[in-house]
Each structure stands twice: as structure tokens, then as C-alpha cells.
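What follows is a set of notes on a single structure, which appears directly below.
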Amino acid sequence: MEGRPEGKTGIHGWGAYVPRYRLPMSEIARVWGWAPEQASGLGMKEKAVAGPDEDSVTMGYEAARNALRRASIEASRVGAVFFGTESKPYAVKPSATIIAEALGITPATMASDLEFACRAASEGLRALIGMVASGLIEYGLVIGSDTAQANPGDVLEFTASSGAVAYVIGPREGAVAYFEGSYTYVTDTPDFWRRAHQPYPLHGEGFTGEPAYFHHIENAVKGLLAELGLKPSDFDYAVFHQPNGKFPLRIARRLGIPKEKVLPGLVTPVIGNTYNASALLGLARVLDVAKPGDRILVAPFGSGAGSDAYSIVVTDAIEERRSLAPLFDDYLSRRKEIDYATYAKFRGIFNVIK
Amino acid sequence: MSMDLSVPETWRVKGALYRLEAARCKACGRIHYPPMPACPYCGSRDLERVTLPSEGVLESYTVVYAVPEGSRHKAPVLLGLVRLGRVRVVAEITDADPSELRTGMEVEAVLRRIRSDREAGIIRYGVMFRPKLKGGSRGG
Ligand SMILES: [Zn+2]
């Protein structure tokens, strides 16, 4: 594995962000007349909602600031900023430059916004691994951030939430965790989409599970394991894309991975599906608690469709970096419950003439 | 197409809005924020850029219910007087209800949407302050 390009690279800093507001599932069921058990069927308790002055840029900025603090490097050493989102504040004008400027990374850096439904940030992560391994850049910053949209009254509304995550990727030396390998599996699968100028996405009913989520993650993970000669039992933690609270446990069972290895990184039941942050935010939660030597399997997924699988090994450096920024649980415990009307106002669901 | 928010101004003040860049007067030693072409205390133009601390103390605040047009969605607006080291700045306080604010409480800087120019114009991002996150002392 040492000979693979991934082996030359690692994570230097990780950063989470969850907004303060929480919408209980019972509010959605009350307003839209869903059966009371609808949300528990999705494994959901409540979801995080961005405040009225927040968007994917402001949330991504805070996650990136946390990641940079943990990396403990000069911001100017970051040579690429990739921003993965499907809720861009500007349809045209990069979000990545706003964050790069605010963090002091500009001007000698690459910066761009990536789109691949929920796995754009993961694509950015894999690109950074290659760019660092090749020596093109010293450090790179990848951010996944979304104020996820759902058509009001759609079942998707139970899960679509807001949150962000960021990673500083650099050389293996000094990393809190290094990469052993990575694998990507994509096909043209129309399981979920949002057309240009449309405010909300649609999904192919009954099409999002088997041919999309399960097929792509299973093949990405199997591809990774075959390349690295590893078995599912070689991993201490497994983190999958989490569109709800149930799918990650089902794919784990199918791959022969026990529930106990999935639960530490399963954050959707308490914050919702943060789209581009989803699996990578679960990884941040795992890094908050992992010990040196632990091996982590991470498999983000994005509709359209594709999945990446990574094998990551934690190093001794993790303990000293952990305390340099707030943990996922620090954000989780900062909780203000809101009702549906407040949620609708915060997320711009009301049509207001400006 | 007329715009409510000045694009050149938004661009010019981004250092102050994004990174709390202030100006220190080399003649009288005082710091002002946001930076202006001349020192507001002595008039000297011999200034240098300094960055203010991102954590401070809420010295005073007011709750604004009669908000400017375009801010109704975040009303009431909480306006704080925040001490950052030797300097006091006026900024919005976010992620708090009026009943949660206390004089003397610790606050920290965050980047937020300060204003957006209706549906099609520019979005102005800038610093606001929020009650310091529990566990935030880990990194501030
Ligand atoms: Zn002066």
C-alpha cells in the first residue's frame, strides 16, 4: 500500500459545523399530515436547520476554519480549495473564493465549486489526494456544505438538513490519519435530480435505494477491498453516506460489517442528511473519538450516481490536534428547537416579495 | 439595473468584513475599525493594518424591532457593542435570543450573510458575533 499514491497523503485537520436550530420530525408530520411513524421508519429524530443569516458558504467557512486550526498550518500554504455543494448561494460566482479569501488562503491557490449531488466534496477529496501525492500542491482544503432543499410535503423533507465539514489534506508526514487507498464507482443513474432554476429536487420513487445507493456503495467498497487485499473485518469503523438513519445500517449488514462499527459515525438521525457533508461529517465524528491505529472505511455517495470508498488509518498525531477546534458533539449539544413556521421562514419556503 | 448594495464598496471592505482587519495609527497609536483612509482621532494618514482578535466580550447590546427593509426575516436584529482587546466594535449578534444575552458574556466572531441585494444582486458576507460555543475554548 506504501507504493500507492494515496499512501503518500493524509488528513492534517478536520472540522465540523452543525447549525443551532433543530426541527423535530413531529412538526413535519403535524403540518403535512404524515403518519406519526413515518419518521421513525426513516430512523430519524430531528434535523438541523441553518439560521436566517446562514448558507452553504458561511457554514463551510466555519468547518474549514476548524479544519485549518487542527492542521496548524499557515493558510497561505493551501494550494487548492474545493467546495462541494448542491446549494450554492450564487449559481455563477464561486463560493470557494469567498471562503478562501475569508480564511487568508488567496491569492496563490486553485479554487472551485464542484457538483455531483451529495458526493461532490468526496470527488474533491480524491482529487486533492492525487494533487498532493503528485507534488502539485503541498496542502489542499476540501469542504462539503449544504442547506439541503426538499419540496415541502415531500418525504425528502424529513431528512434534508443543513451542515458542513472540511478537511485539510497534505503529505503523510504529520497527518492525523493517512490514506491507504481509494476507489470510485460511477454510472449514469437518474435516481435524484434538480433541473436548472428549479427550487427543489425530485427523486425517482423506489429508484433511490437498490439501483442507486446500494449498488454504487457496494461496488465502490468491494473495489477498494479487492485493490487493497482487505476484508470488512479489518476495519474498526465504517461510515457510509447517510440519506436517512436506515440505509447505512442496511449496506453495512450487506457488506458483513456489524452495526457497532457504523453507529459512532451515523449522525443523520440527530441532524438529518447534510448532503455533501453527510458521510464526511460522520467521518469527522469518528475522528473525534478514534484512537491511533484505528482503520476507518468511508464511502460517500452522490445521486446521478456514484460512490467513493477510502481506507484511512489514524496516527498518533490525532490526540494533540483534537482539542484545537470544537468537536461534532459540541455543535450537537448547542440545540434550539424550532417549529415548522420558523423553519419555513429560515429556509425561505415562504414566498416573500423583496 | 439598479442595485441596493454597492459592489465596489462590498469589495473594498472585504478585509474588514471577512477577517476583522482594522487600522492602527502610527502617530497616536490608536486602532480604529473598519479601516479608514485617515485616523479618526488625530487625522494622521500614517496607518498600518492589524487584525483584531476573534473573541471578545459583549459590553452592551440593543434589540432592534424596527429593522431596515430587507431584514424582516431575521428580526429582531441584535446589535452588540463588542470589546476585542483594546478596540470596541459594533456588530450584529447571531445565534441567540434576546433573553440569552448578558452584558459581559463571551462572544466569538463568525462569518454570516450580513445583507443580500434582493433576489439577483450581490450577497454581502461579514463578521457577526455569537455567544461563545461550549467547547469553543478548544480553539476559540
Ligand atoms: Zn491617530
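Scheme for the C-alpha cells: letters A, B, ... for chains in order shown; per-chain residue numbers from 1; ligand numbers from 1 in order shown.
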
Spatial neighbours of Glu119 in chain B, 10 Å, only C-alpha atoms, chain gap at least 3 places, as a PyMOL selection string: (chain A and resi 353-354) or (chain B and resi 116+122-123)

Take the residues that were just selected and, keeping N, CA and C atoms, output them as a short mmCIF file (atom, residue, chain, number, x, y, z; two decimals), in the first residue's frame.
```cif
data_model
loop_
_atom_site.label_atom_id
_atom_site.label_comp_id
_atom_site.auth_asym_id
_atom_site.auth_seq_id
_atom_site.Cartn_x
_atom_site.Cartn_y
_atom_site.Cartn_z
N ILE A 353 -41.99 38.98 -1.29
CA ILE A 353 -41.53 39.93 -2.30
C ILE A 353 -40.41 40.77 -1.71
N LYS A 354 -39.27 40.80 -2.39
CA LYS A 354 -38.11 41.54 -1.87
C LYS A 354 -37.89 42.83 -2.63
N SER B 116 -28.32 40.72 1.65
CA SER B 116 -28.26 40.32 0.25
C SER B 116 -29.16 41.27 -0.54
N ILE B 122 -25.83 41.34 -5.28
CA ILE B 122 -24.71 40.73 -4.57
C ILE B 122 -25.10 40.33 -3.14
N ILE B 123 -24.40 39.34 -2.61
CA ILE B 123 -24.57 38.93 -1.21
C ILE B 123 -23.38 39.48 -0.45
#
```

Selection within 6 Å of ligand 1 by only C-alpha atoms and all ligand atoms, output as a ChimeraX atom specification: /B:25,27-28,30,39,41-44

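Pairwise distance (CA of His215 in chain A, CA of Glu115 in chain A) equals 20.8 Å.
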
Residues near range 222-234 of chain A, cut-off 8 Å, only C-alpha atoms, skip fewer than 2 positions along chain, as a list in words: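 In the requested format, the answer is Met1, Glu180, Gly181, Ser182, Tyr183, Glu218, Asn219, Ala220, Asp236, Leu255, Gly256, Ile257, Arg295, Ala309, Tyr310 and Ser311 of chain A.
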
Nearest residue to Ser54 in chain B from the set A:Glu37, A:Ile11, A:Thr342, A:Arg65 (distances using only C-alpha atoms):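 With only C-alpha atoms as the atom set, the closest residue is A:Arg65.
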
Residue hits in chain A, query chain B, radius 10 Å, only C-alpha atoms, as a PyMOL selection string: chain A and resi 19-21+51-55+57-62+65-66+69-70+89-90+98-99+101-104+321-327+329-331+333-334+336+342+345-348+352-354

Contacts of Gly293 in chain A within 8 Å, only C-alpha atoms, excl. fewer than 6 positions in-chain, as a VMD selection string: chain A and resid 313 to 316

Residue list (strand (DSSP E), DSSP) for range 21-72 of chain B, as JSON, numbers by chain: {"B": [21, 22, 23, 24, 25, 31, 32, 47, 48, 49, 50, 51, 55, 56, 57, 58, 59, 60, 61, 62, 63, 64]}

Surrounding residues of range 79-81 of chain A excluding itself and chain neighbours under 6 positions, 12 Å, only C-alpha atoms, as a PyMOL selection string: chain A and resi 60-61+64+68+94-101+103-114+121+124-125+127-132+135-144+166-170

For C-alpha atoms, I'd like the residues from the last selection saved as a compact mmCIF listing (two decimals), in the first residue's frame.
```txt
# COMPACT_ATOMS: atom_id res chain seq x y z
CA GLY A 60 -18.48 25.81 5.00
CA TYR A 61 -16.31 28.68 6.21
CA ALA A 64 -12.91 24.99 7.14
CA LEU A 68 -7.26 24.72 9.44
CA PRO A 94 -17.53 30.62 -6.98
CA SER A 95 -18.24 30.07 -3.31
CA ALA A 96 -14.71 28.67 -2.94
CA THR A 97 -13.12 32.09 -3.48
CA ILE A 98 -15.26 33.69 -0.74
CA ILE A 99 -14.14 31.08 1.77
CA ALA A 100 -10.52 31.13 0.55
CA GLU A 101 -10.41 34.93 0.87
CA LEU A 103 -9.52 32.34 5.58
CA GLY A 104 -6.49 34.15 4.14
CA ILE A 105 -5.71 31.44 1.57
CA THR A 106 -5.92 33.70 -1.51
CA PRO A 107 -4.46 34.57 -3.97
CA ALA A 108 -1.95 31.82 -4.87
CA THR A 109 -4.38 28.91 -4.86
CA MET A 110 -6.76 26.94 -7.02
CA ALA A 111 -10.40 27.37 -6.01
CA SER A 112 -13.58 25.94 -7.45
CA ASP A 113 -17.06 24.67 -6.69
CA LEU A 114 -17.81 21.07 -7.57
CA ALA A 121 -16.92 17.09 -1.86
CA GLY A 124 -12.73 16.96 -4.35
CA LEU A 125 -11.15 14.88 -1.61
CA ALA A 127 -8.65 14.93 -6.43
CA LEU A 128 -6.68 16.52 -3.58
CA ILE A 129 -5.13 13.16 -2.67
CA GLY A 130 -3.82 12.93 -6.24
CA MET A 131 -2.65 16.54 -6.31
CA VAL A 132 -0.80 16.23 -3.01
CA GLY A 135 3.62 17.24 -5.56
CA LEU A 136 1.49 19.77 -7.46
CA ILE A 137 0.32 21.27 -4.16
CA GLU A 138 1.55 20.98 -0.57
CA TYR A 139 -1.86 21.17 1.15
CA GLY A 140 -5.43 21.23 -0.10
CA LEU A 141 -8.74 22.12 1.53
CA VAL A 142 -11.98 20.33 0.71
CA ILE A 143 -15.34 21.48 2.04
CA GLY A 144 -18.74 19.78 1.89
CA ALA A 166 -13.94 20.27 5.90
CA TYR A 167 -10.59 18.54 5.63
CA VAL A 168 -7.04 19.73 5.13
CA ILE A 169 -5.20 17.15 3.05
CA GLY A 170 -1.40 17.08 2.94
```

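Near range 47-50 of chain A, within 9 Å and counting only C-alpha atoms, sit A:Val18, A:Pro19, A:Arg20, A:Tyr21, A:Arg22, A:Leu23, A:Pro24, A:Met25, A:Ser56, A:Met59, A:Thr147, A:Phe158, A:Thr159, A:Ala160, A:Ser161, A:Ser162, A:Gly163, A:Thr268, A:Pro269, A:Val270, A:Ile271, A:Gly272, A:Asn273, A:Thr274, A:Arg335, A:Ile338, A:Tyr343, A:Phe346, A:Arg347, not including residues fewer than 6 positions from it in the same chain.
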
Non-local contacts of Asp154 in chain A (12 Å; only C-alpha atoms; under 2 positions in same chain excluded) as a PyMOL selection string: chain A and resi 28-29+31-34+38+149-152+156-160+200-203+205

Using N, CA and C atoms, can you write the selected residues to a file as a PDB file, in the first residue's frame?
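result-v7.pdb written:
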```pdb
ATOM      1  N   ILE A  28     -42.982  18.185  11.195  1.00  0.00           N
ATOM      2  CA  ILE A  28     -43.225  17.937   9.767  1.00  0.00           C
ATOM      3  C   ILE A  28     -44.465  17.061   9.601  1.00  0.00           C
ATOM      4  N   ALA A  29     -44.561  16.030  10.433  1.00  0.00           N
ATOM      5  CA  ALA A  29     -45.718  15.130  10.367  1.00  0.00           C
ATOM      6  C   ALA A  29     -47.006  15.876  10.695  1.00  0.00           C
ATOM      7  N   VAL A  31     -47.699  19.153  10.320  1.00  0.00           N
ATOM      8  CA  VAL A  31     -48.103  20.127   9.308  1.00  0.00           C
ATOM      9  C   VAL A  31     -48.580  19.453   8.030  1.00  0.00           C
ATOM     10  N   TRP A  32     -47.918  18.370   7.627  1.00  0.00           N
ATOM     11  CA  TRP A  32     -48.216  17.757   6.339  1.00  0.00           C
ATOM     12  C   TRP A  32     -49.062  16.487   6.420  1.00  0.00           C
ATOM     13  N   GLY A  33     -49.496  16.144   7.631  1.00  0.00           N
ATOM     14  CA  GLY A  33     -50.409  15.017   7.766  1.00  0.00           C
ATOM     15  C   GLY A  33     -49.805  13.658   7.489  1.00  0.00           C
ATOM     16  N   TRP A  34     -48.528  13.508   7.821  1.00  0.00           N
ATOM     17  CA  TRP A  34     -47.886  12.199   7.675  1.00  0.00           C
ATOM     18  C   TRP A  34     -48.294  11.302   8.842  1.00  0.00           C
ATOM     19  N   GLN A  38     -43.955   7.676  10.323  1.00  0.00           N
ATOM     20  CA  GLN A  38     -43.192   7.884   9.088  1.00  0.00           C
ATOM     21  C   GLN A  38     -41.707   8.174   9.366  1.00  0.00           C
ATOM     22  N   GLN A 149     -32.246  21.205   0.127  1.00  0.00           N
ATOM     23  CA  GLN A 149     -33.634  21.561  -0.181  1.00  0.00           C
ATOM     24  C   GLN A 149     -34.486  20.303  -0.341  1.00  0.00           C
ATOM     25  N   ALA A 150     -35.749  20.453   0.003  1.00  0.00           N
ATOM     26  CA  ALA A 150     -36.733  19.396  -0.266  1.00  0.00           C
ATOM     27  C   ALA A 150     -38.049  20.088  -0.553  1.00  0.00           C
ATOM     28  N   ASN A 151     -38.785  19.547  -1.485  1.00  0.00           N
ATOM     29  CA  ASN A 151     -40.100  20.098  -1.789  1.00  0.00           C
ATOM     30  C   ASN A 151     -40.974  19.978  -0.534  1.00  0.00           C
ATOM     31  N   PRO A 152     -41.532  21.078  -0.037  1.00  0.00           N
ATOM     32  CA  PRO A 152     -42.341  20.988   1.183  1.00  0.00           C
ATOM     33  C   PRO A 152     -43.469  19.958   1.012  1.00  0.00           C
ATOM     34  N   LEU A 156     -38.829  13.623   1.387  1.00  0.00           N
ATOM     35  CA  LEU A 156     -37.445  14.087   1.497  1.00  0.00           C
ATOM     36  C   LEU A 156     -37.285  15.171   2.572  1.00  0.00           C
ATOM     37  N   GLU A 157     -38.393  15.846   2.872  1.00  0.00           N
ATOM     38  CA  GLU A 157     -38.323  16.944   3.833  1.00  0.00           C
ATOM     39  C   GLU A 157     -37.963  16.459   5.243  1.00  0.00           C
ATOM     40  N   PHE A 158     -38.255  15.195   5.539  1.00  0.00           N
ATOM     41  CA  PHE A 158     -37.884  14.657   6.856  1.00  0.00           C
ATOM     42  C   PHE A 158     -36.372  14.660   7.062  1.00  0.00           C
ATOM     43  N   THR A 159     -35.626  14.505   5.984  1.00  0.00           N
ATOM     44  CA  THR A 159     -34.183  14.312   6.138  1.00  0.00           C
ATOM     45  C   THR A 159     -33.335  15.485   5.667  1.00  0.00           C
ATOM     46  N   ALA A 160     -33.762  16.229   4.635  1.00  0.00           N
ATOM     47  CA  ALA A 160     -32.921  17.286   4.049  1.00  0.00           C
ATOM     48  C   ALA A 160     -32.590  18.339   5.101  1.00  0.00           C
ATOM     49  N   TYR A 200     -36.493  22.932  -5.937  1.00  0.00           N
ATOM     50  CA  TYR A 200     -36.439  21.675  -5.186  1.00  0.00           C
ATOM     51  C   TYR A 200     -36.115  20.495  -6.097  1.00  0.00           C
ATOM     52  N   PRO A 201     -35.435  19.498  -5.540  1.00  0.00           N
ATOM     53  CA  PRO A 201     -35.113  18.310  -6.335  1.00  0.00           C
ATOM     54  C   PRO A 201     -36.293  17.340  -6.414  1.00  0.00           C
ATOM     55  N   LEU A 202     -36.239  16.451  -7.381  1.00  0.00           N
ATOM     56  CA  LEU A 202     -37.175  15.334  -7.476  1.00  0.00           C
ATOM     57  C   LEU A 202     -36.374  14.042  -7.375  1.00  0.00           C
ATOM     58  N   HIS A 203     -37.065  12.954  -7.046  1.00  0.00           N
ATOM     59  CA  HIS A 203     -36.368  11.675  -6.989  1.00  0.00           C
ATOM     60  C   HIS A 203     -37.230  10.599  -7.608  1.00  0.00           C
ATOM     61  N   GLU A 205     -39.071   7.639  -7.549  1.00  0.00           N
ATOM     62  CA  GLU A 205     -39.691   6.872  -6.457  1.00  0.00           C
ATOM     63  C   GLU A 205     -39.280   5.406  -6.527  1.00  0.00           C
TER      64      GLU A 205
END
```

Interatomic distance, CA of Gly282 in chain A to CA of Val155 in chain A (Å, one decimal):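 Interatomic distance, CA of Gly282 in chain A to CA of Val155 in chain A: 22.6 Å.
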
Pick from B:Ile93, B:Ala23, B:Leu5, B:Val13, whichever lies nearest to Leu58 in chain B using only C-alpha atoms: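 Smallest separation from Leu58 in chain B among the options: B:Ile93.
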
Between CA of Ser76 in chain A and CA of Glu173 in chain A, distance in Å (one decimal):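 CA of Glu173 in chain A lies at a distance of 18.9 Å from CA of Ser76 in chain A.
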
Helix (DSSP H, G or I) positions in range 49-225 of chain A, given as a ChimeraX atom specification: /A:56-71,75-77,95-102,120-134,155-158,209-225

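For the residues A:Gly206, A:Tyr178, A:Tyr275, A:Ile349, ranking by smallest atom-to-atom distance to Pro292 in chain A using only C-alpha atoms places A:Tyr178 first.
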
Distance criterion (only C-alpha atoms): nearest to Gly15 in chain A out of A:Val267, A:Asp339, A:Val165, A:Lys291: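 Among A:Val267, A:Asp339, A:Val165, A:Lys291, it is A:Val165 that comes nearest to Gly15 in chain A.
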